[in-house]
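Colleague: Attaching a single structure in structure tokens format; questions to follow.
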Amino acid sequence: MKTVCVLQHIEAEYLGLIEDHLEARSIRFRYCRPFVAGGRVPEDADGYDGLIVLGAGALGAVSGPLIPSLAPELRLTVDFLQRGLPVVGIGVGAVLLAIAAGGGAVEAPFRFTVTTARAVPGALAGSLPDHFPLAIYMRDRPVLPEAAEVLAADETGDPVVFQVSDAGIGFLGHPGIKSAMIEDVIMASDEVPDGTAETLALLRDRQGDIAEALTHITVGLVGLTDWMAPP
């Protein structure tokens, strides 16, 4: 059975709907919580078959309150990439993935939006839906490395899903988000993006579409990462 390390920055942000898809495929995942007493970022990729770096609410990579464990998380992400192991970055986790892959990051306002992502034909071996809702709750923005491939863009043409290396995938929005997750993030934060109430209502309205899209997205991710392959 393959084991995936899941870097979590705050209690309220977790895999959400992705958990069920991994469990259904007998893919084991282990949360690493450096923000709790006794928690830490793993020294390296030993013992893991992949890495998922989650979002972090109001925490940023280059602006605002920074992720406290930013440096060790970047070192770990680089180690996974250098070993050719899959990395999935979500929200600010996608920013960290871009940095670790040789790109960078720029300041961008703390925001909460529900956008429609439009996929490049054939993205994720054809498993990425042509268009799908994506809820983005984050600050900062990735600067993609030169060799990165844009898999999907929003209505303005900005990348919202991208690929680096053979199996490094960044999602600016959480593909398995639950509205209750954002509610918990809001309750635990001193800072809330403008228009949160209206966007949260939109997220609730699109929840079913998000769940349906995730079914197809997971097929592509599992195929790309080989997480279901024999150990």
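Quick note on naming: the chains in the structure tokens go A, B, ... in the order shown, residues restart at 1 in each chain, and ligands are numbered from 1 in order of appearance.
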Skip stretch 3-16 of chain A itself and residues of its chain fewer than 3 positions away, then list as number ranges by chain all residues within 9 Å of it, counting only C-alpha atoms.
Modeller: A: 19-20, 27-36, 41-42, 45, 47-57, 59, 67-69, 73, 93, 174-178, 181-186, 188, 227
Colleague: Taking 6 positions as the minimum chain separation for residues in the same chain, which residues sit within 10 Å of A:Leu200 when counting only C-alpha atoms? Answer as an MDAnalysis selection string.
Modeller: chainID A and resid 112:114 135 179:180 182:183 206
Colleague: Find the residues around A:Thr156 up to 12 Å (only C-alpha atoms counted), leave out those fewer than 2 positions away in its own chain, and share them as a PyMOL selection string.
Modeller: chain A and resi 115-118+152-154+158-160
Colleague: Keeping C-alpha atoms for every residue in the selection just given, could you write it to a file as an mmCIF file, in the first residue's frame?
Modeller:
data_model
loop_
_atom_site.group_PDB
_atom_site.id
_atom_site.type_symbol
_atom_site.label_atom_id
_atom_site.label_comp_id
_atom_site.auth_asym_id
_atom_site.auth_seq_id
_atom_site.Cartn_x
_atom_site.Cartn_y
_atom_site.Cartn_z
ATOM 1 C CA THR A 115 -14.146 30.558 -10.282
ATOM 2 C CA THR A 116 -14.760 28.379 -13.324
ATOM 3 C CA ALA A 117 -11.589 26.613 -14.409
ATOM 4 C CA ARG A 118 -11.283 25.762 -18.098
ATOM 5 C CA ALA A 152 -6.397 24.952 -16.572
ATOM 6 C CA ALA A 153 -7.032 28.696 -16.385
ATOM 7 C CA ASP A 154 -9.761 30.865 -14.910
ATOM 8 C CA ASP A 158 -4.738 33.157 -15.183
ATOM 9 C CA PRO A 159 -3.408 29.634 -14.444
ATOM 10 C CA VAL A 160 -5.308 27.806 -11.693
#
Colleague: May I ask for the distance between atom CA of A:Ala61 and atom CA of A:Leu76, given in Å to one decimal place?
Modeller: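 That distance, rounded to one decimal, is 15.1 Å.
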Colleague: Please identify which residues in stretch 15-83 of chain A DSSP calls helix (DSSP H, G or I) from the backbone, and express them as a PyMOL selection string.
Modeller: chain A and resi 18-24+70-82
Colleague: Determine, counting only C-alpha atoms, which protein, DNA and RNA residues have an atom within 9 Å of an atom of A:Pro193; residues of the same chain fewer than 6 positions away are not included. Present the result as a list in words.
Modeller: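 Skipping anything fewer than 6 positions along the chain leaves Ala58, Pro109, Phe110, Arg111, Phe112 and Tyr137 of chain A.
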Colleague: Could you work out how far atom CA of A:Glu107 lies from atom CA of A:Glu43, giving the answer in Å with one decimal?
Modeller: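 Interatomic distance, atom CA of A:Glu43 to atom CA of A:Glu107: 27.9 Å.
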Colleague: Skipping near chain neighbours, those fewer than 2 positions away, what residues fall within 10 Å of A:Val219 using only C-alpha atoms, listed as a list in words?
Modeller: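 Here the qualifying residues turn out to be His21, Leu124, Ala125, Gly126, Ser127, Leu128, Leu214, Thr215, His216, Ile217, Leu221, Val222, Gly223 and Leu224 of chain A.
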Colleague: Quick check for you: according to DSSP on this backbone, which residues of stretch 92-144 of chain A are classed as strand (DSSP E or B)? Reply as a PDB file with C-alpha atoms, in the first residue's frame.
Modeller:
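This went into selection_8.pdb:
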ATOM      1  CA  GLY A 104       8.772  31.760  -7.373  1.00  0.00           C
ATOM      2  CA  ALA A 105       5.947  33.676  -5.749  1.00  0.00           C
ATOM      3  CA  VAL A 106       4.557  37.202  -5.713  1.00  0.00           C
ATOM      4  CA  ARG A 111      -8.996  36.337  -1.407  1.00  0.00           C
ATOM      5  CA  PHE A 112     -11.931  33.953  -1.506  1.00  0.00           C
ATOM      6  CA  THR A 113     -13.410  33.283  -4.920  1.00  0.00           C
ATOM      7  CA  VAL A 114     -15.325  30.548  -6.695  1.00  0.00           C
ATOM      8  CA  THR A 115     -14.146  30.558 -10.282  1.00  0.00           C
ATOM      9  CA  THR A 116     -14.760  28.379 -13.324  1.00  0.00           C
ATOM     10  CA  ALA A 117     -11.589  26.613 -14.409  1.00  0.00           C
ATOM     11  CA  ARG A 118     -11.283  25.762 -18.098  1.00  0.00           C
ATOM     12  CA  ALA A 119      -8.969  22.891 -18.882  1.00  0.00           C
ATOM     13  CA  HIS A 131     -14.714  23.220 -17.133  1.00  0.00           C
ATOM     14  CA  PHE A 132     -15.275  22.872 -13.406  1.00  0.00           C
ATOM     15  CA  PRO A 133     -15.764  25.077 -10.330  1.00  0.00           C
ATOM     16  CA  LEU A 134     -12.711  25.803  -8.201  1.00  0.00           C
ATOM     17  CA  ALA A 135     -12.865  27.536  -4.821  1.00  0.00           C
ATOM     18  CA  ILE A 136      -9.766  29.597  -4.043  1.00  0.00           C
ATOM     19  CA  TYR A 137      -9.079  30.727  -0.462  1.00  0.00           C
ATOM     20  CA  MET A 138      -5.521  31.994  -0.164  1.00  0.00           C
ATOM     21  CA  ARG A 141       0.347  33.803  -6.217  1.00  0.00           C
ATOM     22  CA  PRO A 142       2.806  31.344  -7.794  1.00  0.00           C
ATOM     23  CA  VAL A 143       5.302  32.337 -10.464  1.00  0.00           C
TER      24      VAL A 143
END
Colleague: So, with only C-alpha atoms as the atoms that count, which of A:Val150, A:Leu66, A:Val78, A:Ala197 lies closest to A:Val92?
Modeller: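 Residue with the minimum atom-to-atom distance to A:Val92: A:Leu66.
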Colleague: Tell me which of A:Thr218, A:Thr77, A:Gln82, A:Gln207 sits closest to A:Arg25, counting only C-alpha atoms.
Modeller: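 Distance minimum relative to A:Arg25 lands on A:Thr218.
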Colleague: Find, counting only C-alpha atoms, the residue in A:Gly208, A:Gly60, A:Pro72, A:Gly103 that gets nearest to A:Asp44.
Modeller: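 Under the stated criterion, the closest residue is A:Pro72.
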Colleague: Just want the 8 Å neighbourhood of A:Ser63, counted on only C-alpha atoms, with same-chain residues fewer than 4 positions away dropped. Output as a PDB file with N, CA and C atoms, in the first residue's frame.
Modeller:
ATOM      1  N   GLU A 107       3.430  38.631  -4.160  1.00  0.00           N
ATOM      2  CA  GLU A 107       2.357  39.004  -3.252  1.00  0.00           C
ATOM      3  C   GLU A 107       1.047  39.148  -4.017  1.00  0.00           C
ATOM      4  N   ALA A 108      -0.017  38.675  -3.410  1.00  0.00           N
ATOM      5  CA  ALA A 108      -1.364  38.865  -3.954  1.00  0.00           C
ATOM      6  C   ALA A 108      -2.314  38.933  -2.776  1.00  0.00           C
ATOM      7  N   ARG A 139      -3.751  33.619  -0.066  1.00  0.00           N
ATOM      8  CA  ARG A 139      -3.046  34.840  -0.428  1.00  0.00           C
ATOM      9  C   ARG A 139      -1.783  34.444  -1.194  1.00  0.00           C
ATOM     10  N   ASP A 140      -1.213  35.418  -1.887  1.00  0.00           N
ATOM     11  CA  ASP A 140      -0.029  35.217  -2.723  1.00  0.00           C
ATOM     12  C   ASP A 140      -0.382  34.469  -4.008  1.00  0.00           C
TER      13      ASP A 140
END
Colleague: Rounded to one decimal place, report the atom CA of A:Ser165-atom CA of A:Ala94 distance in Å.
Modeller: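 So the two atoms, atom CA of A:Ser165 and atom CA of A:Ala94, lie 13.4 Å apart.
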